[in-house]
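This is upload_5.txt. It holds compact mmCIF, C-alpha atoms.
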# COMPACT_ATOMS: atom_id res chain seq x y z
CA VAL P 1259 29.62 24.31 -22.00
CA ILE P 1260 26.48 23.40 -23.89
CA ASP P 1261 28.32 23.55 -27.19
CA ARG P 1262 31.03 21.35 -25.76
CA LEU P 1263 28.45 18.85 -24.54
CA ARG P 1264 26.82 18.92 -27.94
CA GLN P 1265 30.13 18.17 -29.58
CA LEU P 1266 30.60 15.26 -27.21
CA GLY P 1267 27.09 14.04 -27.89
CA ARG P 1268 27.54 14.38 -31.60
CA ARG P 1269 29.77 11.52 -32.38
CA ARG P 1270 29.38 8.09 -31.00
CA GLY P 1271 31.33 5.60 -33.04
CA GLY P 1272 31.06 7.89 -36.06
CA HIS P 1273 27.28 8.34 -35.72
CA PRO P 1274 25.55 11.32 -34.17
CA SER P 1275 23.72 10.59 -30.96
CA SER P 1276 19.99 10.09 -31.36
CA ARG P 1277 19.49 13.13 -29.14
CA MET P 1278 20.51 15.17 -32.19
CA PHE P 1279 17.53 13.75 -34.10
CA SER P 1280 15.18 15.18 -31.55
CA GLU P 1281 16.96 18.52 -31.78
CA LEU P 1282 16.57 18.44 -35.53
CA LEU P 1283 12.87 17.72 -35.21
CA ASP P 1284 12.46 20.60 -32.79
CA ASP P 1285 14.56 22.93 -34.89
CA GLY P 1286 17.01 23.27 -32.04
CA LEU P 1287 20.25 23.05 -34.04
CA THR P 1288 22.44 25.75 -35.44
CA LEU P 1289 22.57 26.03 -39.23
CA ARG P 1290 25.95 24.37 -39.33
CA GLU P 1291 24.93 21.49 -37.06
CA ARG P 1292 21.85 20.94 -39.14
CA ALA P 1293 23.79 20.86 -42.38
CA ASP P 1294 26.27 18.39 -40.88
CA LEU P 1295 23.54 16.16 -39.58
CA GLN P 1296 21.58 16.18 -42.80
CA ALA P 1297 24.72 15.35 -44.75
CA HIS P 1298 25.32 12.43 -42.44
CA LEU P 1299 21.73 11.25 -42.73
CA ARG P 1300 22.00 11.25 -46.50
CA SER P 1301 25.04 9.04 -46.39
CA CYS P 1302 24.17 6.71 -43.50
CA GLU P 1303 21.36 4.21 -44.01
CA GLN P 1304 21.23 3.20 -40.35
CA CYS P 1305 20.93 6.70 -38.97
CA ARG P 1306 18.40 7.67 -41.61
CA ALA P 1307 16.15 4.77 -40.66
CA SER P 1308 16.46 5.67 -37.00
CA PHE P 1309 15.72 9.33 -37.66
CA GLU P 1310 12.78 8.62 -39.91
CA SER P 1311 11.18 6.26 -37.42
CA LEU P 1312 11.54 8.90 -34.71
CA SER P 1313 10.13 11.60 -36.93
CA ALA P 1314 7.20 9.39 -37.98
CA THR P 1315 6.49 8.67 -34.31
CA VAL P 1316 6.50 12.36 -33.45
CA ASP P 1317 4.20 13.17 -36.38
CA ALA P 1318 1.85 10.41 -35.34
CA LEU P 1319 1.87 11.65 -31.76
CA HIS P 1320 0.81 15.04 -32.92
CA ALA P 1321 -2.14 13.47 -34.70
CA LEU P 1322 -3.31 12.08 -31.35
CA ARG P 1323 -4.40 15.52 -30.25
CA THR P 1324 -8.12 15.23 -29.69
CA GLU P 1325 -10.71 17.93 -29.67
CA PRO P 1326 -11.78 18.99 -26.19
CA ALA P 1327 -14.57 16.90 -24.82
CA PRO P 1328 -17.70 19.06 -24.50
CA GLY P 1329 -19.12 19.58 -21.06
CA VAL P 1330 -16.01 18.73 -19.08
CA THR P 1331 -15.16 22.34 -18.48
CA GLU P 1332 -18.63 23.30 -17.41
CA SER P 1333 -18.98 20.43 -14.98
CA ALA P 1334 -15.58 21.14 -13.47
CA LEU P 1335 -16.46 24.80 -13.17
CA ALA P 1336 -19.77 23.95 -11.58
CA VAL P 1337 -18.01 21.96 -8.88
CA ALA P 1338 -15.45 24.66 -8.35
CA ARG P 1339 -18.03 27.41 -8.42
CA PRO P 1340 -18.84 28.23 -4.80
CA PRO P 1341 -15.49 29.67 -3.82
CA ALA P 1342 -13.19 27.50 -1.78
CA GLU P 1343 -13.96 29.07 1.60
CA ASP P 1344 -17.69 28.45 1.36
CA ARG P 1345 -17.33 24.96 0.07
CA ARG P 1346 -14.88 23.77 2.66
CA TRP P 1347 -16.23 25.41 5.75
CA ARG P 1348 -19.93 25.39 5.20
CA ARG P 1349 -21.69 23.83 8.16
CA PRO P 1350 -24.30 21.29 7.27
CA GLY P 1351 -27.52 23.19 7.72
CA SER P 1352 -30.37 20.86 6.88
CA PRO P 1353 -31.45 18.18 9.39
CA SER P 1354 -30.53 15.38 7.02
CA LEU P 1355 -27.04 16.77 6.68
CA ARG P 1356 -26.68 17.11 10.43
CA VAL P 1357 -26.48 13.32 10.64
CA LEU P 1358 -23.19 13.64 8.87
CA ARG P 1359 -21.75 15.49 11.83
CA GLY P 1360 -21.33 12.29 13.76
CA GLY P 1361 -19.05 11.01 11.03
CA ARG P 1362 -17.20 14.27 10.98
CA ARG P 1363 -16.64 14.11 14.72
CA SER P 1364 -15.16 10.65 14.54
CA ALA P 1365 -12.98 11.80 11.67
CA ARG P 1366 -11.76 14.60 13.90
CA ALA P 1367 -11.05 12.16 16.69
CA ARG P 1368 -9.07 9.98 14.30
CA GLY P 1369 -7.15 13.00 13.08
CA ALA P 1370 -6.44 14.07 16.64
CA TYR P 1371 -5.23 10.61 17.57
CA ARG P 1372 -2.93 10.46 14.58
CA THR P 1373 -1.22 13.72 15.51
CA TRP P 1374 -1.20 12.71 19.17
CA ARG P 1375 0.30 9.30 18.60
CA SER P 1376 3.56 10.70 17.30
CA ARG P 1377 3.91 12.83 20.44
CA LEU P 1378 2.91 10.01 22.76
CA ARG P 1379 6.23 8.30 22.27
CA VAL P 1380 8.16 11.42 23.26
CA VAL P 1381 5.92 12.12 26.26
CA ILE P 1382 6.34 8.56 27.59
CA ALA P 1383 10.09 8.64 27.13
CA ILE P 1384 10.47 11.94 28.98
CA SER P 1385 8.17 10.99 31.84
CA VAL P 1386 10.08 7.75 32.36
CA ALA P 1387 13.32 9.71 32.32
CA ILE P 1388 11.91 12.01 35.01
CA GLY P 1389 10.13 9.29 36.98
CA VAL P 1390 13.09 6.96 37.39
CA PRO P 1391 15.42 9.38 39.23
CA ILE P 1392 12.59 10.74 41.39
CA THR P 1393 11.64 7.22 42.39
CA ALA P 1394 15.25 6.34 43.10
CA VAL P 1395 15.66 9.38 45.37
CA ASN P 1396 12.30 9.31 47.21
CA GLN P 1397 11.44 5.63 47.34
CA GLY P 1398 14.97 4.27 47.02
CA GLY P 1399 15.06 3.35 50.70
CA MET P 1400 11.86 1.37 50.51
CA ILE P 1401 12.93 -0.51 47.41
CA ALA P 1402 16.35 -1.32 48.83
CA SER P 1403 14.91 -2.57 52.14
CA GLY P 1404 12.41 -4.77 50.32
CA ARG P 1405 9.48 -3.70 52.54
CA ILE P 1406 6.97 -2.89 49.84
CA ASP P 1407 3.72 -1.28 51.02
CA VAL P 1408 0.71 -0.06 49.08
CA LEU P 1409 1.35 3.61 49.77
CA GLY P 1410 4.92 3.35 48.53
CA VAL P 1411 3.80 1.73 45.28
CA CYS P 1412 1.24 4.49 44.77
CA GLU P 1413 3.91 7.10 45.32
CA CYS P 1414 6.12 5.38 42.75
CA ALA P 1415 3.29 5.40 40.26
CA LEU P 1416 2.67 9.10 40.89
CA ASN P 1417 6.32 9.82 40.13
CA PHE P 1418 5.62 8.69 36.58
CA LEU P 1419 2.02 9.74 36.27
CA VAL P 1420 2.45 13.40 37.22
CA PRO P 1421 5.13 14.20 34.63
CA PHE P 1422 3.20 12.19 32.06
CA LEU P 1423 0.01 14.17 32.60
CA ALA P 1424 1.81 17.50 32.70
CA LEU P 1425 3.68 16.76 29.49
CA SER P 1426 0.50 15.51 27.84
CA VAL P 1427 -1.30 18.74 28.57
CA ALA P 1428 1.67 20.67 27.21
CA ALA P 1429 1.78 18.53 24.08
CA VAL P 1430 -1.94 18.82 23.44
CA MET P 1431 -1.70 22.57 23.70
CA THR P 1432 0.93 22.65 20.98
CA VAL P 1433 -0.97 20.31 18.65
CA ARG P 1434 -2.72 21.97 15.75
CA GLY P 1435 -5.18 19.42 14.62
CA PRO P 1436 -6.01 18.95 10.95
CA TRP P 1437 -9.38 20.55 11.55
CA GLN P 1438 -7.69 23.78 12.63
CA ARG P 1439 -5.49 23.97 9.59
CA ARG P 1440 -6.60 26.58 7.14
CA PHE P 1441 -5.16 26.83 3.70
CA VAL L 338 15.41 13.46 -45.57
CA SER L 339 13.96 16.15 -47.75
CA GLU L 340 16.04 19.27 -48.07
CA GLY L 341 15.40 22.01 -45.61
CA LYS L 342 12.33 20.39 -44.15
CA VAL L 343 11.80 21.72 -40.68
CA TYR L 344 9.72 19.52 -38.43
CA ARG L 345 8.34 22.30 -36.39
CA LEU L 346 5.08 21.56 -34.72
CA PRO L 347 2.32 24.11 -34.94
CA ILE L 348 2.13 26.04 -31.74
CA ALA L 349 -1.19 25.86 -30.03
CA LYS L 350 -3.35 28.89 -30.66
CA HIS L 351 -3.28 30.08 -27.07
CA ALA L 352 0.46 30.61 -27.19
CA SER L 353 0.36 34.14 -25.86
CA SER L 354 -1.85 36.06 -23.54
CA THR L 355 -3.82 38.82 -25.10
CA ASP L 356 -4.79 42.12 -23.55
CA ASP L 357 -8.25 40.75 -23.15
CA GLU L 358 -6.87 37.97 -21.02
CA TRP L 359 -4.93 40.33 -18.81
CA ARG L 360 -8.10 42.25 -18.20
CA LEU L 361 -9.80 39.04 -17.12
CA VAL L 362 -6.86 38.17 -14.86
CA ALA L 363 -7.04 41.57 -13.22
CA GLN L 364 -10.78 41.23 -12.66
CA ALA L 365 -10.41 37.71 -11.30
CA LYS L 366 -7.73 38.89 -8.89
CA ALA L 367 -10.17 41.49 -7.67
CA GLY L 368 -12.53 38.64 -6.81
CA ASP L 369 -14.74 38.57 -9.88
CA GLN L 370 -15.70 34.95 -10.30
CA ARG L 371 -17.29 35.44 -13.71
CA ALA L 372 -14.07 36.84 -15.10
CA PHE L 373 -12.22 33.85 -13.69
CA GLU L 374 -14.63 31.43 -15.30
CA GLU L 375 -14.32 33.17 -18.62
CA LEU L 376 -10.55 33.08 -18.35
CA VAL L 377 -10.56 29.39 -17.52
CA ARG L 378 -13.11 28.44 -20.13
CA GLY L 379 -10.71 29.46 -22.85
CA HIS L 380 -8.14 26.90 -21.78
CA ALA L 381 -9.98 24.21 -19.90
CA GLY L 382 -10.88 22.11 -22.94
CA ARG L 383 -7.27 21.68 -23.97
CA LEU L 384 -6.21 21.37 -20.37
CA HIS L 385 -8.52 18.43 -19.98
CA GLY L 386 -6.85 16.78 -22.95
CA VAL L 387 -3.52 16.98 -21.13
CA VAL L 388 -4.91 15.91 -17.78
CA ALA L 389 -6.73 12.94 -19.30
CA ARG L 390 -3.46 11.60 -20.64
CA LEU L 391 -1.57 12.17 -17.42
CA CYS L 392 -4.15 10.54 -15.16
CA SER L 393 -4.83 6.88 -14.80
CA ASP L 394 -8.57 7.05 -15.50
CA PRO L 395 -11.32 9.50 -16.49
CA TYR L 396 -12.62 9.83 -12.94
CA ASP L 397 -9.22 10.87 -11.77
CA ALA L 398 -8.97 13.29 -14.65
CA GLU L 399 -12.25 14.88 -13.71
CA GLU L 400 -11.19 15.23 -10.10
CA VAL L 401 -7.90 16.73 -11.14
CA MET L 402 -9.75 19.25 -13.29
CA GLN L 403 -11.95 20.27 -10.39
CA GLU L 404 -9.05 20.45 -7.99
CA THR L 405 -7.04 22.48 -10.50
CA LEU L 406 -9.79 25.03 -10.96
CA LEU L 407 -10.31 25.28 -7.22
CA ARG L 408 -6.62 25.77 -6.61
CA ALA L 409 -6.39 28.25 -9.44
CA TRP L 410 -9.25 30.26 -7.99
CA ARG L 411 -7.71 30.26 -4.55
CA ALA L 412 -4.29 31.18 -5.89
CA ILE L 413 -5.32 33.75 -8.49
CA GLY L 414 -4.46 36.48 -6.03
CA SER L 415 -0.83 35.41 -6.01
CA PHE L 416 -0.58 34.96 -9.77
CA ASP L 417 2.04 37.52 -10.66
CA GLY L 418 1.64 37.43 -14.42
CA ARG L 419 5.26 36.55 -15.08
CA SER L 420 4.06 33.63 -17.16
CA ALA L 421 1.09 33.43 -19.47
CA SER L 422 -2.09 32.57 -17.65
CA PHE L 423 -2.49 29.27 -19.46
CA THR L 424 1.07 28.23 -18.49
CA TRP L 425 0.18 28.95 -14.91
CA LEU L 426 -3.04 26.96 -15.13
CA TYR L 427 -1.33 24.04 -16.83
CA ARG L 428 1.33 24.06 -14.20
CA ILE L 429 -1.18 23.71 -11.41
CA ALA L 430 -2.84 20.85 -13.30
CA VAL L 431 0.41 19.03 -14.03
CA ASN L 432 1.51 19.34 -10.40
CA GLU L 433 -1.82 17.93 -9.31
CA CYS L 434 -1.38 15.02 -11.72
CA TYR L 435 2.09 14.35 -10.31
CA ARG L 436 0.70 14.45 -6.79
CA ARG L 437 -2.02 11.98 -7.63
CA GLY L 438 0.42 9.77 -9.48
CA ARG L 439 2.54 9.56 -6.35
CA GLN L 440 -0.48 8.82 -4.19
CA ARG L 441 -1.55 6.07 -6.55
CA ARG L 442 1.86 4.51 -6.47
CA ARG L 443 1.89 4.57 -2.69
CA ARG L 444 -1.47 2.92 -2.48
CA ALA L 445 -0.70 0.63 -5.41
CA LEU L 446 -4.27 0.71 -6.58
CA LEU L 447 -5.63 -1.20 -9.54
CA ARG L 448 -3.21 -0.89 -12.38
CA PHE L 449 -4.96 -2.64 -15.20
CA ARG L 450 -7.69 -0.13 -15.82
CA ALA L 451 -5.52 1.96 -18.07
CA ALA L 452 -6.54 0.49 -21.41
CA GLU L 453 -10.30 0.83 -21.12
CA ASP L 454 -10.53 4.59 -21.27
CA LEU L 455 -8.15 5.43 -24.06
CA PRO L 456 -9.67 7.50 -26.83
CA ASP L 457 -11.31 5.14 -29.24
CA TRP L 458 -9.82 5.57 -32.67
CA ARG L 459 -12.01 2.91 -34.24
CA ASP L 460 -14.74 5.43 -34.99
CA ALA L 461 -12.40 7.98 -36.48
CA PRO L 462 -13.44 8.68 -40.05
CA ASP L 463 -11.17 8.42 -43.08
CA VAL L 464 -8.35 6.73 -41.26
CA ARG L 465 -6.87 3.50 -42.53
CA ALA L 466 -7.21 0.41 -40.42
CA GLU L 467 -3.50 0.02 -39.79
CA VAL L 468 -3.24 3.66 -38.77
CA ARG L 469 -6.01 3.10 -36.26
CA THR L 470 -4.17 0.16 -34.78
CA PHE L 471 -1.05 2.24 -34.72
CA ARG L 472 -2.75 5.10 -32.90
CA ALA L 473 -4.20 2.75 -30.34
CA ALA L 474 -0.72 1.32 -29.81
CA LEU L 475 0.66 4.83 -29.45
CA GLU L 476 -1.91 5.67 -26.80
CA VAL L 477 -0.92 2.58 -24.85
CA ALA L 478 2.76 3.40 -25.22
CA VAL L 479 2.19 6.95 -23.99
CA ARG L 480 0.26 5.66 -20.99
CA ALA L 481 3.02 3.26 -20.18
CA LEU L 482 5.62 6.03 -19.83
CA PRO L 483 6.62 7.04 -16.33
CA MET L 484 5.10 10.33 -15.25
CA ASP L 485 8.21 12.47 -15.62
CA LEU L 486 8.60 11.43 -19.25
CA ARG L 487 4.93 11.42 -20.10
CA ALA L 488 4.24 15.03 -19.20
CA PRO L 489 6.90 16.45 -21.58
CA LEU L 490 5.74 14.21 -24.41
CA VAL L 491 2.07 15.08 -23.97
CA LEU L 492 2.69 18.81 -23.69
CA ARG L 493 5.18 19.12 -26.50
CA ASP L 494 4.35 16.44 -29.06
CA ILE L 495 0.66 15.88 -28.60
CA GLU L 496 -0.51 19.32 -27.53
CA GLY L 497 2.11 21.16 -29.53
CA LEU L 498 3.27 23.70 -26.95
CA SER L 499 6.67 25.26 -27.45
CA THR L 500 9.65 23.80 -25.62
CA ARG L 501 9.96 26.87 -23.45
CA GLU L 502 6.32 26.86 -22.38
CA ALA L 503 6.25 23.15 -21.78
CA ALA L 504 9.47 23.24 -19.74
CA GLU L 505 8.01 26.01 -17.62
CA ILE L 506 4.87 23.99 -17.02
CA VAL L 507 6.76 20.87 -16.03
CA GLY L 508 9.03 23.02 -13.88
CA VAL L 509 12.42 21.98 -15.25
CA SER L 510 15.10 23.70 -17.30
CA GLU L 511 14.83 23.57 -21.06
CA ALA L 512 17.87 21.32 -21.31
CA ALA L 513 16.41 18.84 -18.84
CA PHE L 514 13.10 19.05 -20.61
CA LYS L 515 14.63 18.26 -23.99
CA SER L 516 16.44 15.30 -22.57
CA ARG L 517 13.27 13.91 -21.02
CA LEU L 518 11.33 14.55 -24.18
CA HIS L 519 13.87 12.70 -26.23
CA ARG L 520 13.89 9.72 -23.89
CA ALA L 521 10.10 9.64 -24.04
CA ARG L 522 10.07 9.76 -27.83
CA VAL L 523 12.60 6.98 -28.15
CA SER L 524 10.74 4.86 -25.67
CA VAL L 525 7.43 5.35 -27.49
CA ARG L 526 9.06 4.66 -30.84
CA ASP L 527 10.57 1.43 -29.55
CA ALA L 528 7.27 0.40 -27.99
CA VAL L 529 5.21 0.78 -31.14
CA GLY L 530 8.01 -0.65 -33.28
CA GLU L 531 6.60 -2.81 -36.04
CA LEU L 532 3.13 -1.31 -36.01
CA ARG L 533 4.23 1.90 -37.67
CA PRO L 534 2.41 2.21 -41.01
CA ARG L 535 4.79 2.16 -43.95
CA GLU L 536 4.37 5.35 -45.88
CA GLY L 537 3.42 7.41 -42.85
CA GLY L 538 -0.19 7.94 -43.88
CA GLN L 539 -2.17 9.62 -41.13
Please go through the file and, once you have read it, give me the structure as structure tokens.
Amino acid sequence: VIDRLRQLGRRRGGHPSSRMFSELLDDGLTLRERADLQAHLRSCEQCRASFESLSATVDALHALRTEPAPGVTESALAVARPPAEDRRWRRPGSPSLRVLRGGRRSARARGAYRTWRSRLRVVIAISVAIGVPITAVNQGGMIASGRIDVLGVCECALNFLVPFLALSVAAVMTVRGPWQRRF
Amino acid sequence: VSEGKVYRLPIAKHASSTDDEWRLVAQAKAGDQRAFEELVRGHAGRLHGVVARLCSDPYDAEEVMQETLLRAWRAIGSFDGRSASFTWLYRIAVNECYRRGRQRRRRALLRFRAAEDLPDWRDAPDVRAEVRTFRAALEVAVRALPMDLRAPLVLRDIEGLSTREAAEIVGVSEAAFKSRLHRARVSVRDAVGELRPREGGQ
């Protein structure tokens, strides 16, 4: 299949595809293909110019290779040195670092809210779906008669509130916050 | 075209893992941090060269280096030795560069910092003025490539790894790699266009 594709790629309006030039540069052609291509390059001004510009570019690119900058390795190693577990989970010990805990706590709260928010939509939808039929069955009479009293309204509210709270507790128990995630 | 000239690039000197390196890998897997550092030290200089070209600025490059070494240390236990250790390390680094590139794009941070931290070829000794301009233009052209084309070009043409190694690092098949590499070359060639010095003096 590859050979077939190569054959297809070879000729485009009589000229080899420029992909072949790259293959020639990388020594990726068979002997025969190489001989064919070189013969063509000798005879075709246009292709030769194209090939030579590509080859000059590749040569020049290779000259861009710079010597490693000194010190980069050591500084990166120094940062990476205390193994991952220590670095990530070390509790701030000194009093000055303890101030940072406040920030960490609020970051946790934000993280918790973000994971919670996606579940909030589901919890609300389900508790409404449960609350509506319960209300219709239990307080349907009151609503239909139009005699609205305070107790009835409270009962209606409970129909929604109880499933909401129960589902919330269930959802929170399934949440694994970002602070619990170990990697 | 001169007869029989093969434009093969010199393969970087760390092309294969030596016994010595395997010993270090084994020690590092057993939790010996010194062995790990020694292992990494051999490659990190060159690795930084790659990372610096794949990242948008030197600060990013430094962070990627740190993150790469951290990840490598954490993952050394699962390094199965099917590839050379430097391929493995490069792969972690290139993945990290990709990840950061995506993050950057999402956040659409400052884009016009790219030019200020390119290697400065003005100080390079015994290089003609037009070649210096050309190299600077090349650097800009390489930076302008999209990430999936830039990584093949940097690994293969600038760093001189073999096609097989570089394809493994990028995580694509050799055929796909060659195609990307070619597109990158053509795009760089077209970008530098007229600046190319005449008789190819380096």
Revision key, fill the gap. Atom pair atom CA of P:Ala1394 + atom CA of P:Asn1417, distance 10.0 Å
I need the chain P residues near chain L as a PDB file with C-alpha atoms, keeping the file's coordinate frame; criterion: at most 9 Å, counting all atoms listed in the file.
ATOM      1  CA  SER P1276      19.990  10.090 -31.360  1.00  0.00           C
ATOM      2  CA  ARG P1277      19.490  13.130 -29.140  1.00  0.00           C
ATOM      3  CA  PHE P1279      17.530  13.750 -34.100  1.00  0.00           C
ATOM      4  CA  SER P1280      15.180  15.180 -31.550  1.00  0.00           C
ATOM      5  CA  GLU P1281      16.960  18.520 -31.780  1.00  0.00           C
ATOM      6  CA  LEU P1282      16.570  18.440 -35.530  1.00  0.00           C
ATOM      7  CA  LEU P1283      12.870  17.720 -35.210  1.00  0.00           C
ATOM      8  CA  ASP P1284      12.460  20.600 -32.790  1.00  0.00           C
ATOM      9  CA  ASP P1285      14.560  22.930 -34.890  1.00  0.00           C
ATOM     10  CA  GLN P1296      21.580  16.180 -42.800  1.00  0.00           C
ATOM     11  CA  LEU P1299      21.730  11.250 -42.730  1.00  0.00           C
ATOM     12  CA  ARG P1300      22.000  11.250 -46.500  1.00  0.00           C
ATOM     13  CA  ARG P1306      18.400   7.670 -41.610  1.00  0.00           C
ATOM     14  CA  PHE P1309      15.720   9.330 -37.660  1.00  0.00           C
ATOM     15  CA  GLU P1310      12.780   8.620 -39.910  1.00  0.00           C
ATOM     16  CA  SER P1311      11.180   6.260 -37.420  1.00  0.00           C
ATOM     17  CA  LEU P1312      11.540   8.900 -34.710  1.00  0.00           C
ATOM     18  CA  SER P1313      10.130  11.600 -36.930  1.00  0.00           C
ATOM     19  CA  ALA P1314       7.200   9.390 -37.980  1.00  0.00           C
ATOM     20  CA  THR P1315       6.490   8.670 -34.310  1.00  0.00           C
ATOM     21  CA  VAL P1316       6.500  12.360 -33.450  1.00  0.00           C
ATOM     22  CA  ASP P1317       4.200  13.170 -36.380  1.00  0.00           C
ATOM     23  CA  ALA P1318       1.850  10.410 -35.340  1.00  0.00           C
ATOM     24  CA  LEU P1319       1.870  11.650 -31.760  1.00  0.00           C
ATOM     25  CA  HIS P1320       0.810  15.040 -32.920  1.00  0.00           C
ATOM     26  CA  ALA P1321      -2.140  13.470 -34.700  1.00  0.00           C
ATOM     27  CA  LEU P1322      -3.310  12.080 -31.350  1.00  0.00           C
ATOM     28  CA  ARG P1323      -4.400  15.520 -30.250  1.00  0.00           C
ATOM     29  CA  THR P1324      -8.120  15.230 -29.690  1.00  0.00           C
ATOM     30  CA  GLU P1325     -10.710  17.930 -29.670  1.00  0.00           C
ATOM     31  CA  PRO P1326     -11.780  18.990 -26.190  1.00  0.00           C
ATOM     32  CA  ALA P1327     -14.570  16.900 -24.820  1.00  0.00           C
ATOM     33  CA  PRO P1328     -17.700  19.060 -24.500  1.00  0.00           C
ATOM     34  CA  GLY P1329     -19.120  19.580 -21.060  1.00  0.00           C
ATOM     35  CA  VAL P1330     -16.010  18.730 -19.080  1.00  0.00           C
ATOM     36  CA  THR P1331     -15.160  22.340 -18.480  1.00  0.00           C
ATOM     37  CA  GLU P1332     -18.630  23.300 -17.410  1.00  0.00           C
ATOM     38  CA  SER P1333     -18.980  20.430 -14.980  1.00  0.00           C
ATOM     39  CA  ALA P1334     -15.580  21.140 -13.470  1.00  0.00           C
ATOM     40  CA  LEU P1335     -16.460  24.800 -13.170  1.00  0.00           C
ATOM     41  CA  ALA P1336     -19.770  23.950 -11.580  1.00  0.00           C
ATOM     42  CA  VAL P1337     -18.010  21.960  -8.880  1.00  0.00           C
ATOM     43  CA  ALA P1338     -15.450  24.660  -8.350  1.00  0.00           C
ATOM     44  CA  ARG P1339     -18.030  27.410  -8.420  1.00  0.00           C
ATOM     45  CA  PRO P1341     -15.490  29.670  -3.820  1.00  0.00           C
ATOM     46  CA  ALA P1342     -13.190  27.500  -1.780  1.00  0.00           C
ATOM     47  CA  GLU P1343     -13.960  29.070   1.600  1.00  0.00           C
TER      48      GLU P1343
END
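Relative to atom CA of L:Arg428, atom CA of L:Glu375 is found at 18.6 Å.
Taking atom CA of L:Cys434 and atom CA of L:Lys366 as endpoints, the distance between them is 24.9 Å.
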**Study point:** Expected answer as a count of residues only: all residues with atoms within 12 Å of (10.0, 24.7, -14.2), all atoms listed in the file
**Key:** 24
**Study point:** P:Pro1391 environment, 12 Å, all atoms listed in the file, sequence neighbours closer than 5 positions dropped, as a PyMOL selection string
**Key:** chain P and resi 1384-1386+1396-1398+1414+1417-1418
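Candidate residues L:Ala367, L:Ala412, L:Leu361, L:Leu532 were compared for distance to L:Ala474, and the nearest is L:Leu532, using all atoms listed in the file.
For the choices L:Ala363, L:Leu492, L:Cys392, L:Arg480, the atom-to-atom distance to L:Ile413 is smallest for L:Ala363 when using only C-alpha atoms.
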Missing atoms in stretch 522-532 of chain L need filling: write out N, CA, C and O atoms for it as an mmCIF file, in the frame of the given file.
data_model
loop_
_atom_site.group_PDB
_atom_site.id
_atom_site.type_symbol
_atom_site.label_atom_id
_atom_site.label_comp_id
_atom_site.auth_asym_id
_atom_site.auth_seq_id
_atom_site.Cartn_x
_atom_site.Cartn_y
_atom_site.Cartn_z
ATOM 1 N N ARG L 522 10.309 10.061 -26.418
ATOM 2 C CA ARG L 522 10.070 9.760 -27.830
ATOM 3 C C ARG L 522 10.674 8.418 -28.207
ATOM 4 O O ARG L 522 10.039 7.607 -28.885
ATOM 5 N N VAL L 523 11.927 8.225 -27.786
ATOM 6 C CA VAL L 523 12.600 6.980 -28.150
ATOM 7 C C VAL L 523 11.853 5.800 -27.555
ATOM 8 O O VAL L 523 11.641 4.784 -28.228
ATOM 9 N N SER L 524 11.402 5.981 -26.317
ATOM 10 C CA SER L 524 10.740 4.860 -25.670
ATOM 11 C C SER L 524 9.400 4.556 -26.343
ATOM 12 O O SER L 524 9.036 3.383 -26.508
ATOM 13 N N VAL L 525 8.683 5.590 -26.772
ATOM 14 C CA VAL L 525 7.430 5.350 -27.490
ATOM 15 C C VAL L 525 7.710 4.700 -28.845
ATOM 16 O O VAL L 525 7.049 3.758 -29.251
ATOM 17 N N ARG L 526 8.725 5.220 -29.531
ATOM 18 C CA ARG L 526 9.060 4.660 -30.840
ATOM 19 C C ARG L 526 9.384 3.174 -30.714
ATOM 20 O O ARG L 526 8.908 2.340 -31.485
ATOM 21 N N ASP L 527 10.195 2.833 -29.697
ATOM 22 C CA ASP L 527 10.570 1.430 -29.550
ATOM 23 C C ASP L 527 9.369 0.581 -29.163
ATOM 24 O O ASP L 527 9.291 -0.591 -29.517
ATOM 25 N N ALA L 528 8.434 1.190 -28.429
ATOM 26 C CA ALA L 528 7.270 0.400 -27.990
ATOM 27 C C ALA L 528 6.333 0.093 -29.143
ATOM 28 O O ALA L 528 5.763 -0.997 -29.212
ATOM 29 N N VAL L 529 6.142 1.057 -30.047
ATOM 30 C CA VAL L 529 5.210 0.780 -31.140
ATOM 31 C C VAL L 529 5.883 -0.011 -32.265
ATOM 32 O O VAL L 529 5.215 -0.737 -32.988
ATOM 33 N N GLY L 530 7.186 0.143 -32.382
ATOM 34 C CA GLY L 530 8.010 -0.650 -33.280
ATOM 35 C C GLY L 530 7.391 -1.008 -34.612
ATOM 36 O O GLY L 530 7.211 -0.143 -35.470
ATOM 37 N N GLU L 531 7.013 -2.269 -34.751
ATOM 38 C CA GLU L 531 6.600 -2.810 -36.040
ATOM 39 C C GLU L 531 5.264 -2.269 -36.529
ATOM 40 O O GLU L 531 4.949 -2.351 -37.699
ATOM 41 N N LEU L 532 4.478 -1.721 -35.619
ATOM 42 C CA LEU L 532 3.130 -1.310 -36.010
ATOM 43 C C LEU L 532 3.091 -0.068 -36.880
ATOM 44 O O LEU L 532 2.063 0.252 -37.471
#
